[in-house]
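Chemist: File target01.txt below, compact mmCIF, C-alpha atoms:
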# COMPACT_ATOMS: atom_id res chain seq x y z
CA MET A 138 0.00 0.00 0.00
CA LYS A 139 3.04 2.28 0.03
CA MET A 140 2.72 3.31 -3.61
CA GLU A 141 -0.98 4.19 -3.16
CA GLU A 142 -0.18 6.22 -0.04
CA ASP A 143 2.56 8.07 -1.92
CA VAL A 144 0.11 9.02 -4.66
CA LYS A 145 -2.43 10.11 -2.06
CA GLN A 146 0.05 12.21 -0.12
CA SER A 147 1.46 13.90 -3.19
CA LEU A 148 -2.04 14.82 -4.39
CA ILE A 149 -2.97 16.16 -0.94
CA LYS A 150 0.27 18.11 -0.71
CA GLN A 151 0.04 19.56 -4.21
CA PHE A 152 -3.58 20.72 -4.10
CA ASN A 153 -4.20 21.04 -0.37
CA LEU A 154 -7.09 18.55 -0.53
CA PRO A 155 -9.04 17.29 2.48
CA GLU A 156 -8.07 13.74 3.49
CA GLU A 157 -11.50 12.19 2.76
CA THR A 158 -11.57 13.11 -0.94
CA ILE A 159 -9.12 10.29 -1.68
CA ARG A 160 -10.05 6.67 -0.93
CA ILE A 161 -7.90 3.58 -1.31
CA PRO A 162 -10.39 0.70 -0.95
CA ARG A 163 -7.89 -1.98 -1.95
CA PRO A 164 -4.36 -2.32 -3.38
CA ARG A 165 -3.72 -0.52 -6.67
CA ARG A 166 -7.11 1.24 -6.68
CA ILE A 167 -7.27 4.95 -5.87
CA PHE A 168 -10.47 7.02 -5.99
CA LEU A 169 -10.42 10.79 -6.04
CA GLU A 170 -13.36 13.19 -6.07
CA ILE A 171 -12.72 16.70 -7.26
CA SER A 172 -14.82 19.72 -8.16
CA GLN A 173 -15.20 20.80 -11.76
CA GLU A 174 -13.10 23.95 -11.25
CA LYS A 175 -10.06 22.09 -9.90
CA PHE A 176 -10.42 19.12 -12.25
CA LYS A 177 -8.14 20.30 -15.05
CA GLU A 178 -5.04 20.93 -12.95
CA VAL A 179 -5.47 17.76 -10.88
CA PHE A 180 -5.93 15.75 -14.07
CA ASP A 181 -2.84 17.25 -15.70
CA PHE A 182 -0.77 16.70 -12.55
CA SER A 183 -1.88 13.04 -12.35
CA VAL A 184 -1.03 12.42 -15.98
CA LYS A 185 2.27 14.32 -16.24
CA GLU A 186 3.78 14.22 -12.73
CA LEU A 187 2.30 11.05 -11.23
CA LYS A 188 2.64 9.19 -14.57
CA PHE A 189 -0.89 7.87 -14.81
CA ALA A 190 -0.42 8.04 -18.55
CA ILE A 191 -3.00 5.51 -19.78
CA LEU A 192 -6.68 6.40 -20.18
CA LEU A 193 -8.74 3.23 -19.65
CA THR A 194 -12.21 4.66 -20.13
CA ILE A 195 -14.58 7.41 -19.08
CA THR A 196 -17.73 6.55 -17.14
CA GLY A 197 -20.84 8.69 -17.08
CA LEU A 198 -23.31 8.67 -14.20
CA ASP A 199 -26.78 10.13 -13.82
CA GLU A 200 -27.00 11.46 -10.24
CA GLN A 201 -30.39 13.20 -10.66
CA GLU A 202 -29.49 16.92 -10.38
CA ARG A 203 -25.88 16.42 -11.54
CA PHE A 204 -23.99 14.20 -13.95
CA GLY A 205 -20.97 12.37 -12.61
CA VAL A 206 -18.00 11.70 -14.87
CA ILE A 207 -15.23 9.31 -13.85
CA TYR A 208 -11.90 9.30 -15.69
CA HIS A 209 -10.12 6.00 -15.19
CA LEU A 210 -6.36 6.49 -15.50
CA ALA A 211 -3.73 3.79 -15.16
CA ARG A 212 -0.04 3.27 -14.73
CA GLU A 213 1.78 0.53 -16.56
CA THR A 214 2.29 -1.25 -13.22
CA GLY A 215 -1.46 -1.82 -12.94
CA ALA A 216 -2.42 0.94 -10.51
CA ILE A 217 -5.67 2.68 -11.41
CA LEU A 218 -6.53 6.23 -10.43
CA ASN A 219 -10.24 7.06 -10.77
CA ILE A 220 -10.82 10.81 -10.89
CA LYS A 221 -14.45 11.70 -10.41
CA THR A 222 -15.92 15.07 -11.13
CA SER A 223 -19.51 16.21 -11.55
CA ILE A 224 -21.28 18.79 -13.67
CA PRO A 225 -24.70 20.40 -13.25
CA ARG A 226 -27.56 18.82 -15.18
CA ASP A 227 -28.89 22.12 -16.52
CA ASN A 228 -25.52 23.04 -18.05
CA PRO A 229 -23.68 19.77 -18.72
CA THR A 230 -20.44 20.93 -20.30
CA LEU A 231 -17.01 19.30 -20.23
CA LYS A 232 -13.68 20.23 -21.79
CA THR A 233 -12.25 17.63 -24.12
CA ILE A 234 -9.12 15.71 -23.11
CA THR A 235 -8.38 14.55 -26.67
CA PRO A 236 -5.17 16.67 -26.87
CA ASP A 237 -3.73 14.44 -24.09
CA PHE A 238 -5.49 11.18 -24.98
CA SER A 239 -6.70 10.67 -28.54
CA ASN A 240 -8.60 7.54 -27.48
CA ALA A 241 -10.86 9.76 -25.35
CA ASP A 242 -12.65 10.66 -28.59
CA ILE A 243 -15.02 7.67 -28.56
CA TYR A 244 -15.65 7.89 -24.80
CA GLU A 245 -16.55 11.56 -25.07
CA ARG A 246 -18.84 10.86 -28.01
CA GLU A 247 -20.57 8.24 -25.86
CA LEU A 248 -21.16 10.87 -23.16
CA MET A 249 -22.58 13.19 -25.81
CA ASP A 250 -24.91 10.58 -27.31
CA LEU A 251 -26.08 8.74 -24.21
CA PHE A 252 -26.19 11.57 -21.61
CA GLY A 253 -26.40 14.72 -23.71
CA ILE A 254 -23.22 16.14 -22.16
CA LYS A 255 -21.64 18.83 -24.33
CA VAL A 256 -17.91 18.34 -24.87
CA GLU A 257 -16.10 21.55 -25.81
CA GLY A 258 -13.19 21.28 -28.22
CA LEU A 259 -14.01 17.82 -29.57
CA PRO A 260 -13.30 17.75 -33.33
CA PRO A 261 -16.36 17.07 -35.53
CA GLY A 262 -17.09 13.46 -36.41
CA ASN A 263 -19.74 10.79 -36.77
CA ARG A 264 -22.17 10.09 -33.99
CA TYR A 265 -21.33 7.17 -31.74
CA PRO A 266 -22.67 4.73 -30.54
CA LEU A 267 -26.35 5.41 -31.32
CA SER A 268 -27.78 4.62 -34.74
CA ASP A 269 -27.89 7.06 -37.67
CA HIS A 270 -31.63 7.65 -37.39
CA TRP A 271 -31.63 8.39 -33.67
CA PRO A 272 -33.52 11.61 -32.78
CA ASN A 273 -31.16 14.39 -31.74
CA ASP A 274 -32.69 15.35 -28.39
CA GLN A 275 -33.09 11.86 -26.89
CA TYR A 276 -30.51 10.62 -24.39
CA PRO A 277 -31.28 6.99 -23.44
CA LEU A 278 -28.94 6.61 -20.45
CA ARG A 279 -30.54 9.46 -18.54
CA LYS A 280 -32.63 7.91 -15.79
CA ASP A 281 -35.72 9.97 -16.59
CA TRP A 282 -35.68 8.91 -20.24
CA LYS A 283 -38.65 6.87 -21.48
CA GLN A 284 -38.84 5.14 -24.82
CA GLU A 285 -42.63 5.56 -25.06
CA GLY A 286 -43.58 8.34 -27.43
CA VAL A 287 -40.17 8.59 -29.07
CA THR A 288 -40.57 8.35 -32.83
CA PHE A 289 -37.70 6.94 -34.80
CA GLU A 290 -37.23 8.13 -38.34
CA GLN A 291 -37.92 5.33 -40.82
CA PRO A 292 -34.95 4.17 -42.87
CA ARG A 293 -34.84 5.29 -46.47
CA GLU A 294 -35.64 1.96 -48.15
CA LYS A 295 -38.33 0.85 -45.74
CA GLN A 296 -41.48 1.41 -47.80
CA ASP A 297 -41.28 -1.15 -50.60
CA VAL A 298 -40.19 -4.21 -48.59
CA SER A 299 -43.40 -5.51 -47.07
CA GLU A 300 -45.19 -5.95 -50.40
CA LYS A 301 -42.55 -8.21 -51.92
CA SER A 302 -43.10 -11.97 -51.72
CA GLY A 303 -40.48 -13.54 -49.57
CA GLY A 304 -42.20 -16.89 -49.24
CA ASP A 305 -43.87 -15.92 -45.99
CA GLN A 306 -45.10 -19.43 -45.25
CA ASN A 307 -43.92 -20.78 -41.93
CA ALA A 308 -41.87 -23.92 -42.25
CA MET B 59 -46.68 -27.92 -62.08
CA GLY B 60 -44.96 -27.57 -65.44
CA LEU B 61 -41.86 -29.55 -66.26
CA THR B 62 -39.53 -26.53 -66.27
CA LYS B 63 -40.80 -25.39 -62.90
CA LYS B 64 -40.41 -28.93 -61.57
CA ILE B 65 -36.78 -29.04 -62.65
CA VAL B 66 -36.07 -25.59 -61.19
CA THR B 67 -37.68 -26.53 -57.88
CA TRP B 68 -35.74 -29.80 -57.82
CA ALA B 69 -32.49 -27.98 -58.47
CA ARG B 70 -33.26 -25.36 -55.83
CA ILE B 71 -34.04 -27.93 -53.17
CA LYS B 72 -30.98 -29.99 -54.09
CA SER B 73 -28.61 -27.10 -53.60
CA PRO B 74 -29.86 -24.03 -51.75
CA TRP B 75 -27.11 -21.45 -51.29
CA ILE B 76 -27.12 -19.44 -48.10
CA ILE B 77 -25.68 -16.23 -46.79
CA HIS B 78 -25.20 -15.73 -43.08
CA PHE B 79 -25.83 -12.26 -41.65
CA ASN B 80 -25.40 -11.20 -38.05
CA THR B 81 -28.01 -8.55 -37.35
CA GLY B 82 -26.88 -7.92 -33.79
CA ALA B 83 -26.34 -11.35 -32.25
CA CYS B 84 -24.01 -12.03 -29.33
CA ASN B 85 -22.00 -14.46 -31.54
CA ALA B 86 -23.35 -17.66 -29.93
CA CYS B 87 -25.80 -18.33 -32.77
CA ASP B 88 -23.10 -17.49 -35.32
CA ILE B 89 -20.83 -20.12 -33.85
CA GLU B 90 -23.65 -22.67 -33.95
CA ILE B 91 -24.38 -21.82 -37.60
CA ILE B 92 -20.72 -22.34 -38.45
CA ALA B 93 -20.77 -25.62 -36.50
CA ALA B 94 -23.81 -26.74 -38.50
CA LEU B 95 -21.98 -26.04 -41.76
CA THR B 96 -18.66 -27.67 -40.89
CA PRO B 97 -18.06 -31.45 -41.22
CA ARG B 98 -19.16 -32.56 -37.76
CA TYR B 99 -22.84 -31.70 -38.43
CA ASP B 100 -22.39 -31.13 -42.15
CA LEU B 101 -25.34 -29.16 -43.46
CA GLU B 102 -23.56 -29.43 -46.82
CA ARG B 103 -24.85 -32.98 -47.27
CA PHE B 104 -28.20 -31.35 -48.13
CA GLY B 105 -26.43 -29.28 -50.77
CA VAL B 106 -26.38 -26.18 -48.57
CA LEU B 107 -23.42 -24.02 -49.50
CA LEU B 108 -22.30 -20.85 -47.72
CA LYS B 109 -21.77 -18.00 -50.17
CA GLY B 110 -19.94 -14.72 -49.74
CA THR B 111 -22.51 -12.45 -51.36
CA PRO B 112 -26.30 -12.07 -51.10
CA ARG B 113 -26.50 -11.92 -54.91
CA HIS B 114 -25.59 -15.61 -55.09
CA ALA B 115 -27.74 -16.76 -52.18
CA ASP B 116 -31.26 -18.20 -52.02
CA ILE B 117 -31.57 -18.19 -48.25
CA LEU B 118 -30.65 -15.41 -45.83
CA VAL B 119 -29.70 -16.89 -42.46
CA CYS B 120 -30.06 -14.16 -39.82
CA SER B 121 -28.90 -14.37 -36.21
CA GLY B 122 -29.70 -11.87 -33.50
CA PRO B 123 -32.27 -9.11 -33.00
CA VAL B 124 -32.52 -6.28 -35.50
CA THR B 125 -30.72 -3.26 -34.05
CA ARG B 126 -31.70 0.20 -35.22
CA GLN B 127 -28.31 0.67 -36.82
CA ILE B 128 -28.41 -2.60 -38.80
CA GLU B 129 -32.01 -2.16 -39.95
CA ASP B 130 -31.48 -0.50 -43.31
CA ARG B 131 -28.36 -2.61 -43.96
CA LEU B 132 -30.50 -5.71 -43.49
CA ILE B 133 -33.10 -4.37 -45.91
CA ARG B 134 -30.40 -3.52 -48.44
CA ILE B 135 -28.92 -7.04 -48.25
CA TYR B 136 -32.39 -8.58 -48.52
CA GLU B 137 -33.14 -6.55 -51.63
CA GLN B 138 -29.87 -7.61 -53.26
CA MET B 139 -30.95 -11.25 -53.23
CA ALA B 140 -32.57 -12.69 -56.35
CA GLU B 141 -36.16 -13.96 -56.24
CA PRO B 142 -37.34 -16.34 -54.94
CA LYS B 143 -35.68 -15.69 -51.62
CA PHE B 144 -36.16 -17.07 -48.15
CA VAL B 145 -35.16 -15.94 -44.69
CA ILE B 146 -34.32 -18.17 -41.71
CA ALA B 147 -34.28 -16.54 -38.27
CA VAL B 148 -31.82 -18.45 -36.06
CA GLY B 149 -32.11 -18.15 -32.28
CA SER B 150 -34.59 -16.68 -29.83
CA CYS B 151 -33.42 -13.11 -30.47
CA ALA B 152 -33.94 -13.42 -34.21
CA CYS B 153 -37.39 -14.94 -33.65
CA SER B 154 -38.75 -12.34 -31.24
CA GLY B 155 -36.06 -9.98 -30.01
CA GLY B 156 -35.43 -12.30 -27.05
CA VAL B 157 -33.81 -10.73 -24.02
CA PHE B 158 -33.08 -7.62 -26.06
CA SER B 159 -36.70 -6.75 -26.85
CA GLY B 160 -37.55 -3.36 -25.38
CA CYS B 161 -33.94 -2.13 -25.52
CA TYR B 162 -33.66 1.41 -26.85
CA ASN B 163 -31.31 0.33 -29.62
CA VAL B 164 -33.22 -2.79 -30.72
CA LYS B 165 -36.18 -2.89 -33.08
CA GLY B 166 -37.28 -6.51 -32.49
CA GLY B 167 -37.07 -9.87 -34.25
CA ILE B 168 -36.15 -10.32 -37.90
CA ASN B 169 -39.85 -10.27 -38.85
CA SER B 170 -40.10 -6.67 -37.64
CA THR B 171 -38.10 -5.70 -40.73
CA ILE B 172 -38.29 -8.40 -43.43
CA PRO B 173 -40.59 -11.42 -43.99
CA VAL B 174 -39.31 -14.65 -42.40
CA SER B 175 -39.83 -18.18 -43.79
CA ALA B 176 -38.54 -20.31 -40.91
CA TYR B 177 -38.02 -19.63 -37.22
CA ILE B 178 -35.45 -21.68 -35.30
CA PRO B 179 -35.68 -21.01 -31.53
CA GLY B 180 -32.94 -21.68 -29.00
CA CYS B 181 -30.37 -19.69 -27.07
CA PRO B 182 -28.25 -20.48 -28.93
CA ALA B 183 -30.04 -22.68 -31.47
CA SER B 184 -28.15 -25.99 -31.60
CA PRO B 185 -26.67 -27.15 -34.92
CA LYS B 186 -29.19 -30.01 -34.95
CA ALA B 187 -32.06 -27.54 -34.64
CA ILE B 188 -30.60 -25.40 -37.42
CA ILE B 189 -30.34 -28.45 -39.70
CA ASP B 190 -33.91 -29.44 -38.79
CA GLY B 191 -35.17 -25.95 -39.61
CA ALA B 192 -33.29 -25.82 -42.92
CA VAL B 193 -34.59 -29.26 -43.94
CA LYS B 194 -38.17 -28.30 -43.02
CA LEU B 195 -37.87 -25.14 -45.09
CA LEU B 196 -36.60 -27.16 -48.07
CA ALA B 197 -39.41 -29.72 -47.61
CA SER B 198 -41.99 -26.91 -47.64
CA LEU B 199 -40.70 -25.80 -51.06
CA LYS B 200 -41.60 -29.16 -52.62
CA GLY B 201 -45.27 -28.28 -52.22
Would you put the structure from the file into structure tokens?

Modeler:
Amino acid sequence: MKMEEDVKQSLIKQFNLPEETIRIPRPRRIFLEISQEKFKEVFDFSVKELKFAILLTITGLDEQERFGVIYHLARETGAILNIKTSIPRDNPTLKTITPDFSNADIYERELMDLFGIKVEGLPPGNRYPLSDHWPNDQYPLRKDWKQEGVTFEQPREKQDVSEKSGGDQNA
Amino acid sequence: MGLTKKIVTWARIKSPWIIHFNTGACNACDIEIIAALTPRYDLERFGVLLKGTPRHADILVCSGPVTRQIEDRLIRIYEQMAEPKFVIAVGSCACSGGVFSGCYNVKGGINSTIPVSAYIPGCPASPKAIIDGAVKLLASLKG
């Protein structure tokens, strides 16, 4: 547990954090909660100084009045640092981390599609992972989302299929 | 039934060519379809041959529920096949949507999008069930 304690102490020393914001529930797992304002500098310090230089994934959470976002960073030795921040639901905006981690692109697009979080600075691209015909203002991983009443645009070639004989006898 | 039609039907039943298309399956049904085709179960003894393109195939073998993203791809592949064409839905998901029905990204079974000739239930459908379904479809063509 020495390595985890070292990480914890250096974070506390650098940013003057209260003790309870960092949890070490078991070896090689470190959890850190940080406000949105302080997030950028803590994130950069963890990546550049503490050498958590691998981005595993980004998790989105619906916490009713706020959205939680967890960045899972790793060292090559297997230690994982989970940095959690949260953003208000009425203005869900994040800054992109694609300049540091180009693989964050798909994770940030997932946050955009599934939670409706706006990611500033993300280069334009295809939508991911929802389908091409998905309505623009529907975010299915929000807890208050209901599928009833949502109309999905019909695919282009839909109309002339049902008339054609496909041998619709049941074998 | 005229003589020409008889010969065509005979030829079709003797060697139906299939194309396998995964419309959103978890891969279990795909593995069982491959197992049914390979020598241990040997669907080829009924003349069934796996083809690489829908333009050469008589039967479209679908596994998995129809996801919203695959929907118009499935229709496009179905329309590329020459008439007469048949569709076999392999597995519970292909038959009805299975455990995925009601998911926001899933439309339903294969018959929510294109007409289906034979339903083969099972999770995954066993190679024996797939062979049974294929043979029953071929028998129904004799008519």

Chemist: Dump as CSV the rows for residues of chain B within 6 Å of chain A: closest atom pair and distance in Å with one decimal, only C-alpha atoms counted, ordered by chain and rising residue number.

Modeler:
residue,atom,partner,partner_atom,distance
B:Arg126,CA,A:Ser268,CA,5.9
B:Gln127,CA,A:Ser268,CA,4.5
B:Asp130,CA,A:Pro292,CA,5.8
B:Lys143,CA,A:Gly303,CA,5.6
B:Phe144,CA,A:Gly303,CA,5.8
B:Pro173,CA,A:Asp305,CA,5.9
B:Val174,CA,A:Asp305,CA,5.9
B:Ser175,CA,A:Asp305,CA,5.1
B:Ala176,CA,A:Ala308,CA,5.1
B:Lys194,CA,A:Ala308,CA,5.8
B:Leu195,CA,A:Ala308,CA,5.1

Chemist: Can you write just those residues out, C-alpha atoms, as a compact mmCIF listing (two decimals), keeping the file's coordinate frame?

Modeler:
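Dumped everything to out.txt:
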# COMPACT_ATOMS: atom_id res chain seq x y z
CA ARG B 126 -31.70 0.20 -35.22
CA GLN B 127 -28.31 0.67 -36.82
CA ASP B 130 -31.48 -0.50 -43.31
CA LYS B 143 -35.68 -15.69 -51.62
CA PHE B 144 -36.16 -17.07 -48.15
CA PRO B 173 -40.59 -11.42 -43.99
CA VAL B 174 -39.31 -14.65 -42.40
CA SER B 175 -39.83 -18.18 -43.79
CA ALA B 176 -38.54 -20.31 -40.91
CA LYS B 194 -38.17 -28.30 -43.02
CA LEU B 195 -37.87 -25.14 -45.09

Chemist: Which residues, written as number ranges by chain, have at least one atom at most 6 Å from stretch 69-84 of chain B, with all atoms listed in the file counted and residues fewer than 4 positions away on the same chain left out?

Modeler: B: 105-109, 115-124, 196

Chemist: Extract, using all atoms listed in the file, all DNA, RNA and protein residues at most 10 Å from A:Leu198, discarding same-chain residues fewer than 5 positions from it, and format them as a list in words.

Modeler: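 Using all atoms listed in the file, the neighbours found are Arg203, Phe204, Gly205, Val206, Ile207, Ser223, Leu248, Phe252, Leu278, Arg279 and Lys280 of chain A.
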
Chemist: So how far away is atom CA of B:Phe104 from atom CA of B:Ala192, in Å?

Modeler: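 So the answer is 9.1 Å.
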
Chemist: Neighbours of A:Leu231 within 10 Å (all atoms listed in the file; same-chain residues fewer than 6 positions away dropped), as a ChimeraX atom specification?

Modeler: /A:173,206,223-224,245,248-249,254-259

Chemist: When distances are computed from only C-alpha atoms, which of A:Ser172, A:Thr233, A:Asn263, A:Ser147 shows the smallest separation from A:Asp250?

Modeler: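 Using only C-alpha atoms, the shortest distance to A:Asp250 belongs to A:Asn263.
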
Chemist: Atom CA of B:Ala183 to atom CA of B:Val145: how many Å, to one decimal?

Modeler: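 Spanning atom CA of B:Ala183 to atom CA of B:Val145 is a straight-line distance of 15.7 Å.
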
Chemist: With distances taken over only C-alpha atoms, which residue among A:Asn240, A:Gln151, A:Gln201, A:Thr230 lies nearest A:Trp282?

Modeler: A:Gln201

Chemist: Excluding same-chain residues fewer than 2 positions from B:Lys165, what lies within 10 Å of it counting only C-alpha atoms, as a PyMOL selection string?

Modeler: chain B and resi 123-129+154-155+158-163+167-168+170-171

Chemist: Grab the atom CA of B:Pro182 to atom CA of B:Ile89 distance for me, in Å with one decimal place.

Modeler: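 About the pair atom CA of B:Pro182 and atom CA of B:Ile89: they are 8.9 Å apart.
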
Chemist: Please determine an axis-aligned box that encloses all atoms of stretch 79-93 of chain B listed in the file, with 3 Å added on each side, and express its centre and edge lengths in Å to one decimal as JSON.

Modeler:
{"center_x": -24.4, "center_y": -16.8, "center_z": -35.5, "size_x": 13.3, "size_y": 23.7, "size_z": 18.3}

Chemist: Hey, can you pull every residue with an atom no more than 10 Å from (-11.3, 12.1, -7.9), using all atoms listed in the file, and send it as a PyMOL selection string?

Modeler: chain A and resi 158-160+167-172+176+179-180+206-209+218-223

Chemist: For B:Ile92, which residue among B:Ile146, B:Leu199, B:Cys151, B:Ile189 is the nearest when counting all atoms listed in the file?

Modeler: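 Of the candidates, the smallest distance to B:Ile92 is held by B:Ile189.
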
Chemist: Could you rebuild stretch 162-180 of chain B with N, CA and C atoms and give me the result as a CSV table (one decimal), keeping the file's coordinate frame?

Modeler:
chain,number,residue,atom,x,y,z
B,162,TYR,N,-33.5,0.2,-26.0
B,162,TYR,CA,-33.7,1.4,-26.8
B,162,TYR,C,-33.0,1.3,-28.2
B,163,ASN,N,-32.0,0.4,-28.3
B,163,ASN,CA,-31.3,0.3,-29.6
B,163,ASN,C,-31.8,-0.9,-30.5
B,164,VAL,N,-32.8,-1.6,-30.0
B,164,VAL,CA,-33.2,-2.8,-30.7
B,164,VAL,C,-34.6,-2.6,-31.2
B,165,LYS,N,-34.9,-3.0,-32.5
B,165,LYS,CA,-36.2,-2.9,-33.1
B,165,LYS,C,-37.1,-4.1,-32.8
B,166,GLY,N,-36.5,-5.3,-32.8
B,166,GLY,CA,-37.3,-6.5,-32.5
B,166,GLY,C,-36.7,-7.7,-33.2
B,167,GLY,N,-37.5,-8.7,-33.5
B,167,GLY,CA,-37.1,-9.9,-34.2
B,167,GLY,C,-36.9,-9.5,-35.7
B,168,ILE,N,-36.4,-10.5,-36.5
B,168,ILE,CA,-36.2,-10.3,-37.9
B,168,ILE,C,-37.5,-9.9,-38.6
B,169,ASN,N,-38.6,-10.5,-38.2
B,169,ASN,CA,-39.8,-10.3,-38.8
B,169,ASN,C,-40.4,-8.9,-38.6
B,170,SER,N,-39.7,-8.1,-37.8
B,170,SER,CA,-40.1,-6.7,-37.6
B,170,SER,C,-39.6,-5.9,-38.8
B,171,THR,N,-38.7,-6.4,-39.6
B,171,THR,CA,-38.1,-5.7,-40.7
B,171,THR,C,-38.3,-6.4,-42.1
B,172,ILE,N,-38.1,-7.7,-42.2
B,172,ILE,CA,-38.3,-8.4,-43.4
B,172,ILE,C,-39.1,-9.7,-43.2
B,173,PRO,N,-39.8,-10.2,-44.2
B,173,PRO,CA,-40.6,-11.4,-44.0
B,173,PRO,C,-39.7,-12.6,-43.7
B,174,VAL,N,-40.1,-13.5,-42.8
B,174,VAL,CA,-39.3,-14.6,-42.4
B,174,VAL,C,-40.0,-15.9,-42.8
B,175,SER,N,-39.3,-16.9,-43.4
B,175,SER,CA,-39.8,-18.2,-43.8
B,175,SER,C,-39.8,-19.2,-42.7
B,176,ALA,N,-38.7,-19.3,-41.9
B,176,ALA,CA,-38.5,-20.3,-40.9
B,176,ALA,C,-38.0,-19.7,-39.6
B,177,TYR,N,-38.5,-20.1,-38.5
B,177,TYR,CA,-38.0,-19.6,-37.2
B,177,TYR,C,-37.4,-20.8,-36.5
B,178,ILE,N,-36.1,-20.6,-36.0
B,178,ILE,CA,-35.4,-21.7,-35.3
B,178,ILE,C,-35.1,-21.1,-33.9
B,179,PRO,N,-35.9,-21.5,-32.9
B,179,PRO,CA,-35.7,-21.0,-31.5
B,179,PRO,C,-34.5,-21.7,-30.9
B,180,GLY,N,-34.1,-21.1,-29.7
B,180,GLY,CA,-32.9,-21.7,-29.0
B,180,GLY,C,-32.0,-20.6,-28.6
